[in-house]
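Have a look at target.cif below; it lists mmCIF, N, CA and C atoms.
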```cif
data_start
loop_
_atom_site.label_atom_id
_atom_site.label_comp_id
_atom_site.auth_asym_id
_atom_site.auth_seq_id
_atom_site.Cartn_x
_atom_site.Cartn_y
_atom_site.Cartn_z
N MET F 14 7.29 6.89 44.66
CA MET F 14 8.22 7.17 43.60
C MET F 14 7.63 8.27 42.72
N ALA F 15 8.40 9.29 42.47
CA ALA F 15 7.97 10.41 41.63
C ALA F 15 7.97 10.00 40.17
N PRO F 16 7.01 10.52 39.39
CA PRO F 16 6.99 10.21 37.96
C PRO F 16 8.27 10.70 37.28
N GLN F 17 8.69 9.98 36.28
CA GLN F 17 9.88 10.37 35.53
C GLN F 17 9.47 11.01 34.22
N LEU F 18 10.23 12.00 33.81
CA LEU F 18 10.02 12.62 32.52
C LEU F 18 10.71 11.76 31.48
N LEU F 19 10.00 11.41 30.45
CA LEU F 19 10.54 10.55 29.41
C LEU F 19 10.67 11.37 28.14
N SER F 20 11.88 11.47 27.65
CA SER F 20 12.16 12.23 26.44
C SER F 20 12.43 11.25 25.30
N LEU F 21 11.71 11.43 24.20
CA LEU F 21 11.86 10.54 23.06
C LEU F 21 12.26 11.34 21.82
N LYS F 22 12.92 10.65 20.91
CA LYS F 22 13.25 11.24 19.62
C LYS F 22 12.24 10.72 18.60
N LYS F 23 12.12 11.43 17.52
CA LYS F 23 11.24 10.99 16.44
C LYS F 23 11.61 9.58 16.00
N SER F 24 12.89 9.27 15.98
CA SER F 24 13.34 7.94 15.57
C SER F 24 12.84 6.85 16.52
N ASP F 25 12.68 7.18 17.82
CA ASP F 25 12.13 6.21 18.79
C ASP F 25 10.70 5.86 18.42
N LEU F 26 9.92 6.85 18.08
CA LEU F 26 8.52 6.63 17.70
C LEU F 26 8.44 5.83 16.40
N LEU F 27 9.22 6.21 15.41
CA LEU F 27 9.20 5.51 14.13
C LEU F 27 9.64 4.06 14.28
N LYS F 28 10.62 3.82 15.15
CA LYS F 28 11.08 2.44 15.39
C LYS F 28 9.98 1.63 16.07
N ALA F 29 9.30 2.21 17.05
CA ALA F 29 8.22 1.50 17.74
C ALA F 29 7.11 1.14 16.76
N ILE F 30 6.81 2.04 15.85
CA ILE F 30 5.77 1.77 14.85
C ILE F 30 6.22 0.66 13.90
N SER F 31 7.44 0.73 13.43
CA SER F 31 7.93 -0.26 12.46
C SER F 31 8.11 -1.64 13.08
N GLU F 32 8.31 -1.70 14.40
CA GLU F 32 8.50 -2.99 15.07
C GLU F 32 7.23 -3.52 15.72
N ASN F 33 6.09 -2.98 15.34
CA ASN F 33 4.80 -3.42 15.86
C ASN F 33 4.66 -4.94 15.72
N PRO F 34 4.52 -5.65 16.84
CA PRO F 34 4.41 -7.11 16.76
C PRO F 34 3.03 -7.60 16.33
N PHE F 35 2.10 -6.68 16.11
CA PHE F 35 0.74 -7.03 15.71
C PHE F 35 0.38 -6.33 14.39
N PRO F 36 1.07 -6.65 13.30
CA PRO F 36 0.83 -5.93 12.04
C PRO F 36 -0.59 -6.05 11.52
N ASP F 37 -1.28 -7.14 11.83
CA ASP F 37 -2.67 -7.28 11.39
C ASP F 37 -3.57 -6.23 12.03
N ALA F 38 -3.16 -5.71 13.16
CA ALA F 38 -3.97 -4.71 13.88
C ALA F 38 -3.95 -3.36 13.18
N GLU F 39 -3.03 -3.16 12.27
CA GLU F 39 -2.93 -1.87 11.59
C GLU F 39 -4.17 -1.55 10.76
N ALA F 40 -4.96 -2.56 10.40
CA ALA F 40 -6.20 -2.35 9.66
C ALA F 40 -7.21 -1.58 10.50
N VAL F 41 -7.10 -1.71 11.83
CA VAL F 41 -7.97 -0.99 12.76
C VAL F 41 -7.04 -0.27 13.74
N PRO F 42 -6.53 0.90 13.36
CA PRO F 42 -5.49 1.58 14.15
C PRO F 42 -5.83 1.81 15.62
N LYS F 43 -7.11 2.05 15.95
CA LYS F 43 -7.43 2.31 17.35
C LYS F 43 -7.38 1.05 18.21
N SER F 44 -7.08 -0.10 17.61
CA SER F 44 -6.98 -1.33 18.40
C SER F 44 -5.56 -1.63 18.86
N ILE F 45 -4.60 -0.85 18.38
CA ILE F 45 -3.20 -1.09 18.78
C ILE F 45 -2.69 0.11 19.57
N HIS F 46 -2.09 -0.18 20.70
CA HIS F 46 -1.58 0.85 21.60
C HIS F 46 -0.15 0.48 21.96
N PHE F 47 0.68 1.49 22.15
CA PHE F 47 2.01 1.20 22.66
C PHE F 47 2.42 2.30 23.63
N TYR F 48 3.19 1.86 24.61
CA TYR F 48 3.60 2.72 25.71
C TYR F 48 5.11 2.61 25.87
N PHE F 49 5.75 3.74 26.01
CA PHE F 49 7.20 3.75 26.22
C PHE F 49 7.48 3.65 27.71
N LEU F 50 8.38 2.77 28.08
CA LEU F 50 8.77 2.56 29.47
C LEU F 50 10.05 3.34 29.76
N ALA F 51 10.21 3.80 30.98
CA ALA F 51 11.40 4.55 31.35
C ALA F 51 12.66 3.71 31.21
N THR F 52 12.54 2.44 31.55
CA THR F 52 13.67 1.51 31.41
C THR F 52 13.15 0.17 30.91
N ARG F 53 14.03 -0.60 30.35
CA ARG F 53 13.67 -1.94 29.90
C ARG F 53 13.49 -2.83 31.13
N PRO F 54 12.37 -3.50 31.26
CA PRO F 54 12.18 -4.37 32.43
C PRO F 54 13.21 -5.51 32.43
N ALA F 55 13.86 -5.69 33.56
CA ALA F 55 14.86 -6.75 33.67
C ALA F 55 14.19 -8.12 33.54
N LYS F 56 13.06 -8.27 34.21
CA LYS F 56 12.34 -9.55 34.18
C LYS F 56 10.85 -9.24 34.29
N PRO F 57 10.20 -8.90 33.17
CA PRO F 57 8.77 -8.55 33.23
C PRO F 57 7.93 -9.72 33.74
N ASP F 58 6.99 -9.40 34.60
CA ASP F 58 6.08 -10.42 35.12
C ASP F 58 4.87 -10.50 34.18
N GLU F 59 5.04 -11.23 33.09
CA GLU F 59 4.00 -11.32 32.08
C GLU F 59 2.79 -12.10 32.57
N GLN F 60 2.94 -12.88 33.62
CA GLN F 60 1.81 -13.64 34.14
C GLN F 60 0.72 -12.71 34.66
N ILE F 61 1.11 -11.59 35.26
CA ILE F 61 0.13 -10.63 35.77
C ILE F 61 -0.72 -10.11 34.61
N MET F 62 -0.08 -9.74 33.50
CA MET F 62 -0.83 -9.24 32.35
C MET F 62 -1.69 -10.34 31.73
N THR F 63 -1.16 -11.54 31.67
CA THR F 63 -1.92 -12.67 31.12
C THR F 63 -3.19 -12.89 31.94
N ASP F 64 -3.07 -12.76 33.26
CA ASP F 64 -4.23 -12.93 34.14
C ASP F 64 -5.28 -11.84 33.92
N LEU F 65 -4.87 -10.65 33.50
CA LEU F 65 -5.78 -9.52 33.33
C LEU F 65 -6.36 -9.40 31.92
N GLN F 66 -5.72 -9.96 30.94
CA GLN F 66 -6.17 -9.76 29.57
C GLN F 66 -7.45 -10.53 29.28
N THR F 67 -8.22 -10.00 28.32
CA THR F 67 -9.42 -10.70 27.87
C THR F 67 -9.01 -11.75 26.84
N GLU F 68 -9.98 -12.52 26.37
CA GLU F 68 -9.68 -13.58 25.41
C GLU F 68 -9.14 -13.04 24.09
N THR F 69 -9.51 -11.81 23.73
CA THR F 69 -9.10 -11.27 22.43
C THR F 69 -7.88 -10.35 22.51
N GLU F 70 -7.45 -9.97 23.68
CA GLU F 70 -6.31 -9.06 23.83
C GLU F 70 -4.98 -9.80 23.73
N SER F 71 -3.99 -9.06 23.25
CA SER F 71 -2.63 -9.58 23.20
C SER F 71 -1.68 -8.48 23.62
N PHE F 72 -0.55 -8.86 24.19
CA PHE F 72 0.44 -7.86 24.59
C PHE F 72 1.84 -8.41 24.35
N ARG F 73 2.78 -7.50 24.29
CA ARG F 73 4.18 -7.89 24.15
C ARG F 73 5.05 -6.76 24.67
N VAL F 74 6.10 -7.12 25.38
CA VAL F 74 7.12 -6.16 25.80
C VAL F 74 8.32 -6.39 24.91
N GLN F 75 8.74 -5.33 24.20
CA GLN F 75 9.93 -5.40 23.34
C GLN F 75 10.82 -4.24 23.73
N GLY F 76 11.91 -4.55 24.39
CA GLY F 76 12.80 -3.48 24.83
C GLY F 76 12.11 -2.57 25.82
N ARG F 77 12.01 -1.28 25.48
CA ARG F 77 11.37 -0.30 26.36
C ARG F 77 9.95 0.03 25.90
N VAL F 78 9.37 -0.82 25.05
CA VAL F 78 8.03 -0.54 24.53
C VAL F 78 7.09 -1.68 24.93
N PHE F 79 5.93 -1.28 25.47
CA PHE F 79 4.86 -2.22 25.81
C PHE F 79 3.78 -2.06 24.76
N TYR F 80 3.51 -3.11 24.00
CA TYR F 80 2.49 -3.10 22.95
C TYR F 80 1.24 -3.81 23.47
N LEU F 81 0.08 -3.25 23.14
CA LEU F 81 -1.19 -3.83 23.56
C LEU F 81 -2.15 -3.81 22.38
N HIS F 82 -2.66 -4.97 22.01
CA HIS F 82 -3.66 -5.08 20.93
C HIS F 82 -4.99 -5.39 21.58
N THR F 83 -5.96 -4.50 21.36
CA THR F 83 -7.29 -4.63 21.97
C THR F 83 -8.36 -4.56 20.89
N PRO F 84 -8.59 -5.65 20.16
CA PRO F 84 -9.54 -5.61 19.05
C PRO F 84 -10.98 -5.28 19.46
N ASP F 85 -11.32 -5.52 20.72
CA ASP F 85 -12.67 -5.20 21.20
C ASP F 85 -12.74 -3.84 21.89
N GLY F 86 -11.66 -3.07 21.84
CA GLY F 86 -11.62 -1.76 22.48
C GLY F 86 -11.08 -1.84 23.90
N VAL F 87 -10.98 -0.67 24.52
CA VAL F 87 -10.47 -0.56 25.88
C VAL F 87 -11.59 -0.06 26.78
N CYS F 88 -11.77 -0.72 27.90
CA CYS F 88 -12.82 -0.29 28.85
C CYS F 88 -12.28 0.72 29.83
#
```

Is it possible to give me this structure as structure tokens?
Amino acid sequence: MAPQLLSLKKSDLLKAISENPFPDAEAVPKSIHFYFLATRPAKPDEQIMTDLQTETESFRVQGRVFYLHTPDGVC
């Protein structure tokens, strides 16, 4: 599958920031990451991510945005 070009508006970015499900992470900005998805997953397989996450990591899929909180950093 070829990569898709994803075009975003400033309002998309501002909405993703305002809807951050990990507001406590804002104290350490480099610990919160978010990724825009081309489409909203119909049925995300969250078990795969749960199996991969460390004890301190958290994630959430909200619409077309995947949020990842990594308080210990990213390897």

Best match for closeness to Leu81 in chain F among F:Ile45, F:Ala38, F:Met62, F:Leu19, counting all atoms listed in the file: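 Counting all atoms listed in the file, the residue closest to Leu81 in chain F is F:Ile45.
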
Report, in Å with one decimal, the straight-line distance from CA of Ser24 in chain F to CA of Ala51 in chain F. 16.3 Å

Range 20-38 of chain F, all listed atoms, 6 Å padding on each side: what axis-aligned box centre and edge lengths in Å to one decimal come out, as JSON?
```
{"center_x": 4.7, "center_y": 2.3, "center_z": 19.5, "size_x": 29.3, "size_y": 31.8, "size_z": 28.3}
```

Among the residues F:Asp37, F:Asp64, F:Glu32, F:Glu59, the one that comes closest to His82 in chain F [using only C-alpha atoms]: F:Asp37

Suppose a student applies the PyMOL selection byres ((chain F and resi 78-80) around 6.5) to this structure; what residues should they get, written as a PyMOL selection string? chain F and resi 46-50+71-77+81-82

Any chance you could list, as a ChimeraX atom specification, the residues in chain F that come up alpha helix (DSSP H) when DSSP is run on the backbone? /F:23-31,59-65

File dump, residues just selected, N, CA and C atoms, as a PDB file, in the coordinates of the input:
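That gives us result_6.pdb:
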```
ATOM      1  N   LYS F  23      12.120  11.430  17.520  1.00  0.00           N
ATOM      2  CA  LYS F  23      11.240  10.990  16.440  1.00  0.00           C
ATOM      3  C   LYS F  23      11.610   9.580  16.000  1.00  0.00           C
ATOM      4  N   SER F  24      12.890   9.270  15.980  1.00  0.00           N
ATOM      5  CA  SER F  24      13.340   7.940  15.570  1.00  0.00           C
ATOM      6  C   SER F  24      12.840   6.850  16.520  1.00  0.00           C
ATOM      7  N   ASP F  25      12.680   7.180  17.820  1.00  0.00           N
ATOM      8  CA  ASP F  25      12.130   6.210  18.790  1.00  0.00           C
ATOM      9  C   ASP F  25      10.700   5.860  18.420  1.00  0.00           C
ATOM     10  N   LEU F  26       9.920   6.850  18.080  1.00  0.00           N
ATOM     11  CA  LEU F  26       8.520   6.630  17.700  1.00  0.00           C
ATOM     12  C   LEU F  26       8.440   5.830  16.400  1.00  0.00           C
ATOM     13  N   LEU F  27       9.220   6.210  15.410  1.00  0.00           N
ATOM     14  CA  LEU F  27       9.200   5.510  14.130  1.00  0.00           C
ATOM     15  C   LEU F  27       9.640   4.060  14.280  1.00  0.00           C
ATOM     16  N   LYS F  28      10.620   3.820  15.150  1.00  0.00           N
ATOM     17  CA  LYS F  28      11.080   2.440  15.390  1.00  0.00           C
ATOM     18  C   LYS F  28       9.980   1.630  16.070  1.00  0.00           C
ATOM     19  N   ALA F  29       9.300   2.210  17.050  1.00  0.00           N
ATOM     20  CA  ALA F  29       8.220   1.500  17.740  1.00  0.00           C
ATOM     21  C   ALA F  29       7.110   1.140  16.760  1.00  0.00           C
ATOM     22  N   ILE F  30       6.810   2.040  15.850  1.00  0.00           N
ATOM     23  CA  ILE F  30       5.770   1.770  14.850  1.00  0.00           C
ATOM     24  C   ILE F  30       6.220   0.660  13.900  1.00  0.00           C
ATOM     25  N   SER F  31       7.440   0.730  13.430  1.00  0.00           N
ATOM     26  CA  SER F  31       7.930  -0.260  12.460  1.00  0.00           C
ATOM     27  C   SER F  31       8.110  -1.640  13.080  1.00  0.00           C
ATOM     28  N   GLU F  59       5.040 -11.230  33.090  1.00  0.00           N
ATOM     29  CA  GLU F  59       4.000 -11.320  32.080  1.00  0.00           C
ATOM     30  C   GLU F  59       2.790 -12.100  32.570  1.00  0.00           C
ATOM     31  N   GLN F  60       2.940 -12.880  33.620  1.00  0.00           N
ATOM     32  CA  GLN F  60       1.810 -13.640  34.140  1.00  0.00           C
ATOM     33  C   GLN F  60       0.720 -12.710  34.660  1.00  0.00           C
ATOM     34  N   ILE F  61       1.110 -11.590  35.260  1.00  0.00           N
ATOM     35  CA  ILE F  61       0.130 -10.630  35.770  1.00  0.00           C
ATOM     36  C   ILE F  61      -0.720 -10.110  34.610  1.00  0.00           C
ATOM     37  N   MET F  62      -0.080  -9.740  33.500  1.00  0.00           N
ATOM     38  CA  MET F  62      -0.830  -9.240  32.350  1.00  0.00           C
ATOM     39  C   MET F  62      -1.690 -10.340  31.730  1.00  0.00           C
ATOM     40  N   THR F  63      -1.160 -11.540  31.670  1.00  0.00           N
ATOM     41  CA  THR F  63      -1.920 -12.670  31.120  1.00  0.00           C
ATOM     42  C   THR F  63      -3.190 -12.890  31.940  1.00  0.00           C
ATOM     43  N   ASP F  64      -3.070 -12.760  33.260  1.00  0.00           N
ATOM     44  CA  ASP F  64      -4.230 -12.930  34.140  1.00  0.00           C
ATOM     45  C   ASP F  64      -5.280 -11.840  33.920  1.00  0.00           C
ATOM     46  N   LEU F  65      -4.870 -10.650  33.500  1.00  0.00           N
ATOM     47  CA  LEU F  65      -5.780  -9.520  33.330  1.00  0.00           C
ATOM     48  C   LEU F  65      -6.360  -9.400  31.920  1.00  0.00           C
TER      49      LEU F  65
END
```

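For chain F, backbone-based DSSP labels the following residues as strand (DSSP E): Ile45, His46, Phe47, Tyr48, Phe49, Ser71, Phe72, Arg73, Val74, Gln75, Val78, Phe79, Tyr80, Leu81 and His82 of chain F.
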
Would you list the contacts of Glu70 in chain F as a list in words, taking every protein, DNA or RNA residue within 10 Å and counting only C-alpha atoms, but skipping same-chain residues closer than 6 positions in sequence?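 The residues that qualify are Ser44, Ile45, Thr63, Leu81, His82, Thr83, Pro84, Asp85, Gly86 and Val87 of chain F.
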
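Coordinates place atom C of Lys43 in chain F at a distance of 12.2 Å from atom C of Thr69 in chain F.
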
Interatomic distance, CA of Pro54 in chain F to atom N of Ala29 in chain F (Å, one decimal):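 Distance reported for this atom pair: 17.0 Å.
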